[in-house]
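Visitor: After the structure tokens below, expect a handful of questions from me.
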Amino acid sequence: MADDSENDRQAITRARTLDASPAEVWETLTDEILLARWFATEVEFEPREGGDARFEFPDGETREAEIDVVEPGESLGWTWRGEDGSGETGRVEFRLEPADSGRTRLIVIESRPVSVATDAVRWGPALTSLSAMHSSLVCA
Amino acid sequence: MRLDQAQSDDTGAVFFALADPTRRHLIEALGDGSSVTPSALAAELPLTRQALTKHLGVLGEAGLVTKRREGRETRYTLQPERLTEAAAWIAVVGGAWEERLGRLEALLQERRSGS
């Protein structure tokens, strides 16, 4: 669903070359114990299409997602579940590409439908720490 | 924890206000924090009084300037807190993933040296 509807979505892409093989990187993206060491603090993760994911972030916020792309060693994606159970919010997709010297190019694509793009609140977990900071700014 | 709608609208209003180059010039002109009259600004910027008032209105709605009546004059003052909030928004959105990917890099390195 990511590719055929990209025109209707806004995306932020980040990339980093990691000193590890695609298989090693894949493990850190799909193993819940490893995910809890870099992506969130507590993670439940079922790495199959249609699988459930649940992340707890350092500020205590919990977010759930449905895993919808699982191509081992190549790409992994999930769609955040709306807090009120309504439809789709944002997506996160990881793409892995072999790089020189046995390294891996990791591309992270965060996207969301343009229809909700004006709502800054729904922009995935990056914004949860934002809202924590924003609240602290507002309260200060 | 989420931004409530009102706060999120405020941040949106700031970015809308900043999207216009004329308004960014206005902010620069007001940047030293002193309170300025529209006539003083009109002398500094190639704008009609009417256009100036309109732009100052948008900045006011975003909370970026406040206005104060002083006798027959209205004086405008920049409210830099709003800019700080917008800057924090940008820094946090960009920074969260940077931090995350930094942790991922460290984890991969640790697993390599451990095996």
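The way I read the labels, and the way they are meant: chains A, B, ... in the order of the structure tokens, residue 1 as the first residue of every chain, and ligand 1 as the first ligand shown, with later ones counted on from there.
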Select from stretch 81-111 of chain A every residue with an atom at most 6 Å from any atom of stretch 8-18 of chain A, then for each give the shortest pair of atoms and their distance in Å to one decimal, using only C-alpha atoms, rows by chain and rising number, as a Markdown table.
Guide:
```
| residue | atom | partner | partner_atom | distance |
| --- | --- | --- | --- | --- |
| A:Arg103 | CA | A:Leu18 | CA | 5.8 |
| A:Thr104 | CA | A:Leu18 | CA | 5.2 |
| A:Arg105 | CA | A:Thr17 | CA | 4.3 |
| A:Leu106 | CA | A:Arg16 | CA | 5.3 |
| A:Ile107 | CA | A:Ala15 | CA | 4.3 |
| A:Val108 | CA | A:Arg14 | CA | 5.1 |
| A:Ile109 | CA | A:Thr13 | CA | 4.5 |
| A:Glu110 | CA | A:Ile12 | CA | 5.2 |
| A:Ser111 | CA | A:Ala11 | CA | 4.1 |
```
Visitor: I want to know what sits within 9 Å of A:Thr30, based on only C-alpha atoms, with residues of the same chain fewer than 6 positions away left out; could you give that as an MDAnalysis selection string?
Guide: chainID A and resid 45:47 76
Visitor: In Å to one decimal, how far is atom CA of B:Trp89 from atom CA of B:Thr53?
Guide: 28.1 Å
Visitor: Using only C-alpha atoms, which of A:Pro98, A:Arg54, A:Val43, A:Thr62 sits nearest chain B?
Guide: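 The answer is A:Thr62, which sits nearest to chain B.
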Visitor: Find the distance between atom CA of A:Glu42 and atom CA of A:Ser21 and write it in Å to one decimal.
Guide: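 Between atom CA of A:Glu42 and atom CA of A:Ser21 the gap is 25.0 Å.
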Visitor: Can you pull out the residues contacting B:Glu99? Cut-off 10 Å, using only C-alpha atoms, and skip same-chain residues under 6 positions away; I want them as an MDAnalysis selection string.
Guide: (chainID A and resid 38:39) or (chainID B and resid 105)
Visitor: As a list of chain:residue names, which residues of stretch 16-124 of chain A does DSSP assign to alpha helix (DSSP H)?
Guide: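 In stretch 16-124 of chain A, DSSP puts these residues in alpha helix (DSSP H): A:Pro22, A:Ala23, A:Glu24, A:Val25, A:Trp26, A:Glu27, A:Thr28, A:Leu29, A:Thr30, A:Glu32, A:Ile33, A:Leu34, A:Leu35, A:Ala36, A:Arg37, A:Trp38.
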Visitor: Save the residues we just selected, N, CA and C atoms, as a short mmCIF file (atom, residue, chain, number, x, y, z; two decimals), in the first residue's frame?
Guide:
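Produced file again.cif, reproduced below:
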```
data_model
loop_
_atom_site.label_atom_id
_atom_site.label_comp_id
_atom_site.auth_asym_id
_atom_site.auth_seq_id
_atom_site.Cartn_x
_atom_site.Cartn_y
_atom_site.Cartn_z
N PRO A 22 23.06 -6.82 6.33
CA PRO A 22 21.59 -6.70 6.32
C PRO A 22 20.94 -7.69 7.29
N ALA A 23 21.49 -8.91 7.40
CA ALA A 23 20.89 -9.89 8.32
C ALA A 23 21.00 -9.42 9.77
N GLU A 24 22.15 -8.84 10.12
CA GLU A 24 22.32 -8.34 11.49
C GLU A 24 21.37 -7.18 11.77
N VAL A 25 21.24 -6.27 10.78
CA VAL A 25 20.34 -5.13 10.97
C VAL A 25 18.90 -5.62 11.08
N TRP A 26 18.55 -6.58 10.23
CA TRP A 26 17.18 -7.13 10.23
C TRP A 26 16.81 -7.64 11.62
N GLU A 27 17.77 -8.30 12.27
CA GLU A 27 17.49 -8.83 13.60
C GLU A 27 17.15 -7.70 14.58
N THR A 28 17.89 -6.60 14.50
CA THR A 28 17.62 -5.50 15.44
C THR A 28 16.30 -4.81 15.15
N LEU A 29 15.78 -5.00 13.92
CA LEU A 29 14.50 -4.38 13.56
C LEU A 29 13.30 -5.24 13.92
N THR A 30 13.53 -6.54 14.13
CA THR A 30 12.39 -7.44 14.27
C THR A 30 12.37 -8.22 15.59
N GLU A 32 12.02 -8.35 19.46
CA GLU A 32 11.46 -7.37 20.40
C GLU A 32 12.42 -6.99 21.51
N ILE A 33 13.29 -7.92 21.90
CA ILE A 33 14.27 -7.58 22.94
C ILE A 33 15.27 -6.56 22.42
N LEU A 34 15.68 -6.74 21.16
CA LEU A 34 16.62 -5.78 20.57
C LEU A 34 15.94 -4.44 20.27
N LEU A 35 14.70 -4.50 19.79
CA LEU A 35 13.95 -3.26 19.52
C LEU A 35 13.83 -2.41 20.78
N ALA A 36 13.69 -3.09 21.91
CA ALA A 36 13.54 -2.38 23.18
C ALA A 36 14.83 -1.69 23.60
N ARG A 37 15.92 -1.99 22.89
CA ARG A 37 17.19 -1.34 23.25
C ARG A 37 17.46 -0.08 22.43
N TRP A 38 16.71 0.09 21.33
CA TRP A 38 17.00 1.32 20.57
C TRP A 38 15.76 2.07 20.11
#
```
Visitor: Determine which residues of stretch 60-105 of chain B DSSP labels as strand (DSSP E) from the backbone of this structure, then write them out as a list of chain:residue names.
Guide: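 Matching residues, listed in order: B:Val65, B:Thr66, B:Lys67, B:Arg68, B:Arg69, B:Glu70, B:Glu73, B:Thr74, B:Arg75, B:Tyr76, B:Thr77, B:Leu78.
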Visitor: Those residues you just picked out, can you put them in a file as a tab-separated table (two decimals), in the first residue's frame with N, CA and C atoms?
Guide:
```
chain	number	residue	atom	x	y	z
B	65	VAL	N	3.64	38.61	17.74
B	65	VAL	CA	3.79	40.00	18.21
B	65	VAL	C	2.59	40.37	19.08
B	66	THR	N	2.83	41.28	19.96
B	66	THR	CA	1.71	41.85	20.72
B	66	THR	C	1.64	43.33	20.36
B	67	LYS	N	0.42	43.89	20.43
B	67	LYS	CA	0.32	45.32	20.16
B	67	LYS	C	-0.22	46.05	21.39
B	68	ARG	N	0.18	47.27	21.48
B	68	ARG	CA	-0.16	48.07	22.65
B	68	ARG	C	-0.44	49.49	22.17
B	69	ARG	N	-1.54	50.05	22.65
B	69	ARG	CA	-1.88	51.43	22.30
B	69	ARG	C	-1.10	52.38	23.20
B	70	GLU	N	-0.56	53.39	22.59
B	70	GLU	CA	0.15	54.41	23.37
B	70	GLU	C	-0.26	55.75	22.81
B	73	GLU	N	-0.80	56.21	18.99
B	73	GLU	CA	-0.01	55.23	18.25
B	73	GLU	C	-0.25	53.80	18.76
B	74	THR	N	-0.04	52.85	17.85
B	74	THR	CA	-0.01	51.45	18.25
B	74	THR	C	1.42	50.97	18.12
B	75	ARG	N	1.91	50.32	19.14
B	75	ARG	CA	3.29	49.82	19.10
B	75	ARG	C	3.28	48.31	19.13
B	76	TYR	N	4.14	47.72	18.32
B	76	TYR	CA	4.22	46.27	18.21
B	76	TYR	C	5.53	45.75	18.82
B	77	THR	N	5.42	44.62	19.51
B	77	THR	CA	6.62	44.02	20.12
B	77	THR	C	6.67	42.54	19.78
B	78	LEU	N	7.85	42.07	19.43
B	78	LEU	CA	8.04	40.65	19.11
B	78	LEU	C	7.94	39.80	20.38
```
